[in-house]
$ cat my_file_35.cif   # mmCIF, C-alpha atoms
data_coords
loop_
_atom_site.label_atom_id
_atom_site.label_comp_id
_atom_site.auth_asym_id
_atom_site.auth_seq_id
_atom_site.Cartn_x
_atom_site.Cartn_y
_atom_site.Cartn_z
CA MET A 30 90.00 134.53 159.93
CA ASP A 31 93.09 132.65 160.97
CA LEU A 32 94.70 130.25 158.50
CA ALA A 33 96.37 128.30 161.31
CA ALA A 34 93.08 127.64 163.12
CA ASP A 35 91.89 124.04 163.33
CA PHE A 36 89.08 122.89 161.03
CA PHE A 37 86.40 123.12 163.71
CA SER A 38 87.29 126.70 164.67
CA LEU A 39 87.45 127.60 161.00
CA PHE A 40 83.73 126.91 160.72
CA GLY A 41 82.94 128.05 164.26
CA LEU A 42 81.85 124.55 165.24
CA PRO A 43 82.46 122.77 168.57
CA ARG A 44 85.34 120.31 168.53
CA THR A 45 83.22 117.15 168.76
CA PHE A 46 82.61 113.95 166.83
CA ARG A 47 78.85 114.45 166.96
CA LEU A 48 78.23 117.06 164.33
CA SER A 49 75.25 118.50 162.51
CA LEU A 50 75.97 117.97 158.83
CA SER A 51 73.47 120.62 157.79
CA GLU A 52 75.24 123.12 160.03
CA LEU A 53 78.60 122.11 158.60
CA ASP A 54 77.19 122.58 155.08
CA SER A 55 75.88 126.05 155.81
CA ARG A 56 79.10 127.21 157.55
CA TYR A 57 81.09 125.88 154.63
CA ARG A 58 78.92 127.82 152.17
CA ASP A 59 79.40 130.98 154.27
CA VAL A 60 83.18 130.68 154.18
CA GLN A 61 83.19 129.82 150.46
CA ALA A 62 81.08 132.88 149.72
CA GLN A 63 83.49 135.11 151.62
CA VAL A 64 86.54 133.89 149.75
CA HIS A 65 84.96 133.39 146.31
CA PRO A 66 87.34 134.55 143.53
CA ASP A 67 84.61 136.79 142.05
CA ARG A 68 84.80 138.96 145.15
CA PHE A 69 88.51 139.47 144.61
CA ALA A 70 88.40 140.36 140.90
CA ASN A 71 89.63 143.88 141.60
CA ALA A 72 91.76 143.00 144.60
CA THR A 73 95.53 143.08 144.80
CA GLU A 74 97.64 140.07 143.84
CA ALA A 75 98.37 139.38 147.54
CA GLU A 76 94.70 139.50 148.48
CA ARG A 77 93.78 137.16 145.65
CA ARG A 78 96.46 134.72 146.71
CA LEU A 79 95.23 134.80 150.29
CA SER A 80 91.63 134.19 149.24
CA MET A 81 92.81 131.18 147.21
CA GLN A 82 94.60 129.78 150.25
CA TRP A 83 91.42 130.26 152.24
CA ALA A 84 89.28 128.49 149.67
CA THR A 85 91.68 125.53 149.62
CA ARG A 86 91.83 125.37 153.40
CA ALA A 87 88.03 125.51 153.70
CA ASN A 88 87.70 122.71 151.15
CA GLU A 89 90.13 120.50 153.01
CA ALA A 90 88.38 121.25 156.30
CA TYR A 91 84.96 120.46 154.87
CA LEU A 92 86.02 117.14 153.36
CA THR A 93 87.74 116.12 156.60
CA LEU A 94 84.86 116.98 158.91
CA LYS A 95 82.14 115.63 156.64
CA LYS A 96 83.12 111.96 156.82
CA PRO A 97 82.85 110.33 160.27
CA LEU A 98 86.07 108.31 159.91
CA GLU A 99 88.09 111.31 158.76
CA ARG A 100 86.54 113.45 161.48
CA ALA A 101 87.44 110.91 164.17
CA ARG A 102 90.99 110.63 162.83
CA TYR A 103 91.31 114.39 162.86
CA LEU A 104 90.04 114.66 166.44
CA LEU A 105 92.60 112.09 167.56
CA GLU A 106 95.30 113.99 165.71
CA LEU A 107 94.29 117.22 167.49
CA ALA A 108 94.41 115.35 170.80
CA GLY A 109 97.92 114.15 169.96
CA HIS A 110 97.06 110.48 169.54
CA ASP A 111 98.85 108.75 166.68
CA LEU A 112 96.88 105.98 164.95
CA GLN A 113 100.03 104.33 163.57
CA ALA A 114 97.82 103.25 160.69
CA GLU A 115 100.75 102.10 158.56
CA SER A 116 103.38 101.08 161.07
CA ASN A 117 101.44 99.17 163.71
CA THR A 118 99.99 95.94 162.28
CA ALA A 119 99.04 94.31 165.59
CA MET A 120 95.29 93.88 165.96
CA PRO A 121 93.35 91.50 168.24
CA ALA A 122 93.24 88.00 166.69
CA ASP A 123 89.46 87.66 167.00
CA PHE A 124 88.97 90.94 165.18
CA LEU A 125 91.29 89.91 162.34
CA MET A 126 89.59 86.52 162.13
CA GLU A 127 86.23 88.25 161.76
CA GLN A 128 87.69 90.50 159.07
CA MET A 129 88.95 87.45 157.17
CA GLU A 130 85.50 85.87 157.30
CA TRP A 131 83.88 89.06 156.04
CA ARG A 132 86.29 89.32 153.16
CA GLU A 133 85.88 85.66 152.31
CA ALA A 134 82.10 86.08 152.17
CA VAL A 135 82.44 89.12 149.91
CA MET A 136 84.86 87.33 147.58
CA GLU A 137 82.58 84.30 147.32
CA ALA A 138 79.52 86.39 146.63
CA ARG A 139 81.42 88.40 144.05
CA ALA A 140 82.80 85.31 142.32
CA GLY A 141 79.34 83.73 142.30
CA GLY A 142 77.72 86.90 140.97
CA ASP A 143 75.39 86.86 143.99
CA HIS A 144 73.95 90.36 143.95
CA HIS A 145 71.44 89.57 146.68
CA GLU A 146 74.10 88.30 149.09
CA LEU A 147 76.31 91.33 148.44
CA GLU A 148 73.39 93.66 149.18
CA HIS A 149 72.75 91.73 152.37
CA LEU A 150 76.42 91.99 153.43
CA TYR A 151 76.38 95.68 152.58
CA GLN A 152 73.36 96.38 154.77
CA ARG A 153 74.80 94.31 157.64
CA LEU A 154 78.08 96.17 157.44
CA ARG A 155 76.35 99.54 157.26
CA SER A 156 74.53 98.88 160.52
CA ASP A 157 77.72 97.51 162.11
CA ILE A 158 79.53 100.73 161.13
CA ALA A 159 76.69 102.91 162.47
CA GLY A 160 77.01 101.19 165.85
CA ARG A 161 80.75 101.83 165.83
CA HIS A 162 80.17 105.52 165.08
CA ASP A 163 77.96 105.71 168.19
CA GLU A 164 80.64 104.04 170.28
CA ILE A 165 83.33 106.37 168.96
CA ALA A 166 81.10 109.39 169.64
CA ALA A 167 80.70 108.30 173.26
CA LEU A 168 84.45 107.70 173.65
CA LEU A 169 85.53 110.99 172.08
CA ASP A 170 82.78 113.38 173.20
CA ASP A 171 81.65 111.95 176.54
CA ALA A 172 84.38 109.78 178.07
CA GLN A 173 87.31 111.52 176.33
CA ASP A 174 89.00 108.12 176.34
CA TYR A 175 91.39 108.75 173.46
CA ALA A 176 93.37 105.55 173.93
CA LEU A 177 90.31 103.34 173.49
CA ALA A 178 88.98 105.61 170.75
CA THR A 179 92.27 105.09 168.88
CA ASP A 180 91.72 101.32 168.93
CA ARG A 181 88.12 101.72 167.78
CA VAL A 182 89.05 104.05 164.95
CA ARG A 183 91.76 101.61 163.80
CA ARG A 184 89.06 98.92 163.63
CA LEU A 185 86.70 101.24 161.79
CA MET A 186 89.32 101.74 159.07
CA PHE A 187 89.12 98.03 158.18
CA LEU A 188 85.33 98.18 157.97
CA GLU A 189 85.28 101.30 155.81
CA LYS A 190 87.65 99.59 153.41
CA LEU A 191 85.41 96.55 153.34
CA LEU A 192 82.36 98.69 152.62
CA TYR A 193 84.22 100.18 149.70
CA GLU A 194 85.05 96.69 148.45
CA ILE A 195 81.44 95.53 148.61
CA ASP A 196 80.43 98.67 146.76
CA ASP A 197 83.04 97.89 144.15
CA ALA A 198 81.80 94.28 143.85
CA LEU A 199 78.22 95.46 143.42
CA ALA A 200 79.30 97.94 140.75
CA SER A 201 81.23 95.24 138.89
CA LEU A 202 78.12 93.01 138.83
CA ASP A 203 76.02 95.87 137.50
CA ASP A 204 78.34 96.29 134.53
CA MET B 7 100.45 103.20 139.48
CA SER B 8 102.02 100.22 137.77
CA TYR B 9 103.11 97.04 139.48
CA SER B 10 106.54 95.52 138.90
CA VAL B 11 106.90 92.27 136.95
CA LYS B 12 107.70 90.35 140.16
CA VAL B 13 104.63 91.69 141.95
CA ILE B 14 102.42 90.71 139.02
CA ASP B 15 103.98 87.24 138.92
CA HIS B 16 103.38 86.62 142.63
CA TYR B 17 99.91 88.16 142.40
CA GLU B 18 98.84 86.06 139.42
CA ASN B 19 100.56 82.88 140.60
CA PRO B 20 100.69 83.19 144.37
CA ARG B 21 102.82 80.52 146.01
CA ASN B 22 101.71 78.64 149.10
CA VAL B 23 98.15 79.88 149.40
CA GLY B 24 96.21 77.98 152.02
CA SER B 25 96.06 77.01 155.64
CA LEU B 26 97.84 74.74 158.09
CA ASP B 27 96.25 73.25 161.20
CA LYS B 28 96.54 76.06 163.75
CA ASP B 29 96.13 73.59 166.62
CA ASP B 30 99.15 71.50 165.53
CA SER B 31 101.94 72.13 168.06
CA ASN B 32 104.48 72.39 165.21
CA VAL B 33 102.51 75.13 163.47
CA GLY B 34 102.90 78.82 164.25
CA THR B 35 100.17 81.22 163.11
CA GLY B 36 100.61 84.94 162.64
CA MET B 37 97.74 87.29 161.90
CA VAL B 38 98.24 90.98 161.22
CA GLY B 39 96.37 93.85 159.62
CA ALA B 40 97.20 97.34 158.43
CA PRO B 41 94.48 99.90 159.19
CA ALA B 42 95.84 102.25 156.53
CA CYS B 43 94.79 99.94 153.70
CA GLY B 44 92.45 97.52 155.51
CA ASP B 45 94.56 94.56 154.40
CA VAL B 46 94.45 91.40 156.50
CA MET B 47 97.16 88.74 156.39
CA LYS B 48 97.42 85.27 157.94
CA LEU B 49 100.74 83.49 157.67
CA GLN B 50 101.52 80.04 159.04
CA ILE B 51 104.74 78.10 159.38
CA LYS B 52 105.31 74.42 160.07
CA VAL B 53 108.53 73.70 161.93
CA ASN B 54 110.30 70.32 162.06
CA LYS B 55 112.19 68.76 164.97
CA ALA B 56 115.44 70.41 163.90
CA GLY B 57 113.81 73.85 164.24
CA VAL B 58 113.69 74.34 160.48
CA ILE B 59 110.61 75.72 158.72
CA GLU B 60 109.53 73.01 156.29
CA ASP B 61 106.25 74.48 155.10
CA ALA B 62 104.55 77.86 155.00
CA LYS B 63 101.10 78.97 153.91
CA PHE B 64 99.35 82.29 153.69
CA LYS B 65 95.97 83.88 153.15
CA THR B 66 95.89 87.57 152.38
CA TYR B 67 93.01 89.88 151.63
CA GLY B 68 94.45 93.01 150.18
CA CYS B 69 96.06 94.65 147.21
CA GLY B 70 98.46 93.05 144.73
CA SER B 71 101.51 94.23 146.67
CA ALA B 72 100.25 92.71 149.93
CA ILE B 73 99.55 89.37 148.24
CA ALA B 74 102.93 89.42 146.49
CA SER B 75 104.76 90.30 149.74
CA SER B 76 103.19 87.42 151.63
CA SER B 77 103.68 85.00 148.75
CA LEU B 78 107.36 85.94 148.57
CA VAL B 79 108.05 85.55 152.29
CA THR B 80 106.44 82.09 152.39
CA GLU B 81 109.02 81.10 149.76
CA TRP B 82 111.87 82.76 151.66
CA VAL B 83 111.18 81.21 155.06
CA LYS B 84 111.13 77.61 153.85
CA GLY B 85 114.41 75.94 154.81
CA LYS B 86 115.26 78.66 157.32
CA THR B 87 115.35 78.15 161.08
CA VAL B 88 112.78 80.16 163.03
CA ASP B 89 115.49 82.54 164.22
CA GLN B 90 116.76 83.06 160.66
CA ALA B 91 113.18 83.80 159.61
CA LEU B 92 113.07 86.60 162.19
CA GLU B 93 115.92 88.31 160.39
CA ILE B 94 113.86 88.96 157.25
CA LYS B 95 113.46 92.71 156.89
CA ASN B 96 110.65 94.50 155.15
CA THR B 97 113.21 96.50 153.19
CA GLU B 98 114.45 93.27 151.57
CA ILE B 99 110.91 92.37 150.55
CA ALA B 100 110.25 95.86 149.20
CA GLU B 101 113.51 95.79 147.28
CA GLU B 102 112.93 92.34 145.77
CA LEU B 103 109.45 93.31 144.58
CA ALA B 104 110.44 96.88 143.67
CA LEU B 105 107.55 98.25 145.73
CA PRO B 106 106.86 101.98 145.37
CA PRO B 107 106.97 104.10 148.58
CA VAL B 108 103.17 104.08 148.98
CA LYS B 109 103.24 100.26 149.13
CA ILE B 110 106.03 99.90 151.68
CA HIS B 111 103.46 99.15 154.38
CA CYS B 112 102.59 95.92 152.50
CA SER B 113 106.14 94.69 153.10
CA ILE B 114 105.91 95.76 156.76
CA LEU B 115 102.76 93.67 157.00
CA ALA B 116 104.59 90.61 155.65
CA GLU B 117 107.56 91.06 157.99
CA ASP B 118 105.25 91.45 160.97
CA ALA B 119 103.25 88.36 159.91
CA ILE B 120 106.40 86.22 159.99
CA LYS B 121 107.38 87.62 163.38
CA ALA B 122 103.89 86.92 164.72
CA ALA B 123 103.95 83.35 163.36
CA VAL B 124 107.35 82.65 164.96
CA ALA B 125 106.18 84.20 168.25
CA ASP B 126 103.11 81.94 168.21
CA TYR B 127 105.29 78.87 167.52
CA LYS B 128 107.70 79.79 170.31
CA LYS B 129 104.86 80.39 172.71
CA LYS B 130 103.54 76.89 172.01
CA HIS B 131 106.98 75.54 172.85
CA GLY B 132 107.35 77.51 176.05
CA GLU B 133 110.12 79.80 174.81
#
$ encode --input "my_file_35.cif" --output "structure tokens"
Amino acid sequence: MDLAADFFSLFGLPRTFRLSLSELDSRYRDVQAQVHPDRFANATEAERRLSMQWATRANEAYLTLKKPLERARYLLELAGHDLQAESNTAMPADFLMEQMEWREAVMEARAGGDHHELEHLYQRLRSDIAGRHDEIAALLDDAQDYALATDRVRRLMFLEKLLYEIDDALASLDD
Amino acid sequence: MSYSVKVIDHYENPRNVGSLDKDDSNVGTGMVGAPACGDVMKLQIKVNKAGVIEDAKFKTYGCGSAIASSSLVTEWVKGKTVDQALEIKNTEIAEELALPPVKIHCSILAEDAIKAAVADYKKKHGE
């Protein structure tokens, strides 16, 4: 095993956005079993340290590849495309307008305690995000159009945040 | 993470929340967003015949620091010419609000919103 290998190679998986989660789970369990501290109880200090590094690396890899947004960001990083997620604030005006409207709707529903509306927004957003995942899969795996994929992933980041906010609003109403 | 007193003040009593008529030729509208935090900011300026910003409004969906940053810059730009408004730096905003390093991008968002609003105004006036 090579500590410098990328997360896909670490689990012996192809470097693609489309990924079988059950396969990822089983590869992760394999690696975890190999580096489990119990197996190193009688090992040397250096071997124990190395197994710890492996366990940490495998954890990080698993968490990155498991979530579609993180996986897409990682693929772009491997391809040398910088998202400029913090420094570049320019987004198409119609996209930002739509984001404002979404957020307004969520705020209103939250303020009005409208559980039903929040659920509705949540479902709508979920299907919107699923469609975007398909588009990103086609751009990264089929077309290898990293420039356009970068734009789409930047957009996805806004939607993931929104999903989190609706979730948070629903949780606050349940309290 | 704790917010500074100034951030809390601007967050709890945001100045200049609202909208101006985006189709008014004297109004410049800037819209920006930061993917890192999913914050969206709209900032508008109204410029008089002398080229001085006489009103500013904002609408921000984001964290306390993003709201405070946009609230603060709407106060700062009033009375400035459009070119003076372009000189506002995110570091000044971050310093005034004592933003921690992880919130610096909120001040970048506010600086970029002003720049976008001025650019929109100038475009309307053929500059």
$ closest_residue --input "my_file_35.cif" --among "B:Lys95, B:Lys65, B:Lys86, B:Lys109" --to "Lys121 in chain B" --atoms "all atoms listed in the file"
B:Lys95
$ interface_residues --input "my_file_35.cif" --of "chain A" --to "chain B" --cutoff "9 Å" --atoms "all atoms listed in the file" --output "PyMOL selection string"
chain A and resi 112-122+125-126+128-129+132-133+182-191
$ write_last_selection --input "my_file_35.cif" --atoms "C-alpha atoms" --output "PDB file, in the frame of the given file"
ATOM      1  CA  LEU A 112      96.880 105.980 164.950  1.00  0.00           C
ATOM      2  CA  GLN A 113     100.030 104.330 163.570  1.00  0.00           C
ATOM      3  CA  ALA A 114      97.820 103.250 160.690  1.00  0.00           C
ATOM      4  CA  GLU A 115     100.750 102.100 158.560  1.00  0.00           C
ATOM      5  CA  SER A 116     103.380 101.080 161.070  1.00  0.00           C
ATOM      6  CA  ASN A 117     101.440  99.170 163.710  1.00  0.00           C
ATOM      7  CA  THR A 118      99.990  95.940 162.280  1.00  0.00           C
ATOM      8  CA  ALA A 119      99.040  94.310 165.590  1.00  0.00           C
ATOM      9  CA  MET A 120      95.290  93.880 165.960  1.00  0.00           C
ATOM     10  CA  PRO A 121      93.350  91.500 168.240  1.00  0.00           C
ATOM     11  CA  ALA A 122      93.240  88.000 166.690  1.00  0.00           C
ATOM     12  CA  LEU A 125      91.290  89.910 162.340  1.00  0.00           C
ATOM     13  CA  MET A 126      89.590  86.520 162.130  1.00  0.00           C
ATOM     14  CA  GLN A 128      87.690  90.500 159.070  1.00  0.00           C
ATOM     15  CA  MET A 129      88.950  87.450 157.170  1.00  0.00           C
ATOM     16  CA  ARG A 132      86.290  89.320 153.160  1.00  0.00           C
ATOM     17  CA  GLU A 133      85.880  85.660 152.310  1.00  0.00           C
ATOM     18  CA  VAL A 182      89.050 104.050 164.950  1.00  0.00           C
ATOM     19  CA  ARG A 183      91.760 101.610 163.800  1.00  0.00           C
ATOM     20  CA  ARG A 184      89.060  98.920 163.630  1.00  0.00           C
ATOM     21  CA  LEU A 185      86.700 101.240 161.790  1.00  0.00           C
ATOM     22  CA  MET A 186      89.320 101.740 159.070  1.00  0.00           C
ATOM     23  CA  PHE A 187      89.120  98.030 158.180  1.00  0.00           C
ATOM     24  CA  LEU A 188      85.330  98.180 157.970  1.00  0.00           C
ATOM     25  CA  GLU A 189      85.280 101.300 155.810  1.00  0.00           C
ATOM     26  CA  LYS A 190      87.650  99.590 153.410  1.00  0.00           C
ATOM     27  CA  LEU A 191      85.410  96.550 153.340  1.00  0.00           C
TER      28      LEU A 191
END
$ atom_distance --input "my_file_35.cif" --atom1 "CA of Asp197 in chain A" --atom2 "CA of Val108 in chain B"
21.6 Å
$ resolve_selection --input "my_file_35.cif" --expression "the PyMOL selection byres ((chain B and resi 84) around 6)" --output "list in words"
Ile59, Glu60, Asp61, Glu81, Trp82, Val83, Gly85 and Lys86 of chain B
$ resolve_selection --input "my_file_35.cif" --expression "the PyMOL selection byres ((chain A and resi 101) around 12)" --output "ChimeraX atom specification"
/A:44-48,93-100,102-108,110-112,161-170,175,178-183,185-186
$ atom_distance --input "my_file_35.cif" --atom1 "CA of Ala104 in chain B" --atom2 "CA of Glu18 in chain B"
16.4 Å
$ resolve_selection --input "my_file_35.cif" --expression "the PyMOL selection byres ((chain B and resi 78) around 12)" --output "ChimeraX atom specification"
/B:12-17,19-23,49,62-64,71-77,79-84,94,96,98-103,112-113,116-117,120
$ residues_around --input "my_file_35.cif" --residues "Ser201 in chain A" --least-positions-apart "6" --cutoff "10 Å" --atoms "all atoms listed in the file" --output "PDB file with C-alpha atoms, keeping the file's coordinate frame"
ATOM      1  CA  ARG A 139      81.420  88.400 144.050  1.00  0.00           C
ATOM      2  CA  GLY A 142      77.720  86.900 140.970  1.00  0.00           C
ATOM      3  CA  ILE A 195      81.440  95.530 148.610  1.00  0.00           C
TER       4      ILE A 195
END
$ atom_distance --input "my_file_35.cif" --atom1 "CA of Gln173 in chain A" --atom2 "CA of Glu52 in chain A"
23.4 Å
$ closest_residue --input "my_file_35.cif" --among "A:Tyr193, A:Asp157, A:Ala87, A:Asp171" --to "Ala62 in chain A" --atoms "only C-alpha atoms"
A:Ala87
$ axis_aligned_box --input "my_file_35.cif" --around "range 87-95 of chain B" --padding-each-side "6 Å" --output "AutoDock Vina command-line options"
--center_x 114.8 --center_y 85.4 --center_z 160.6 --size_x 16.0 --size_y 26.6 --size_z 19.3
$ residues_near_point --input "my_file_35.cif" --point "(79.6, 128.9, 156.4)" --cutoff "12 Å" --atoms "only C-alpha atoms" --output "MDAnalysis selection string"
chainID A and resid 37:42 50:64 84 87:88 90:91
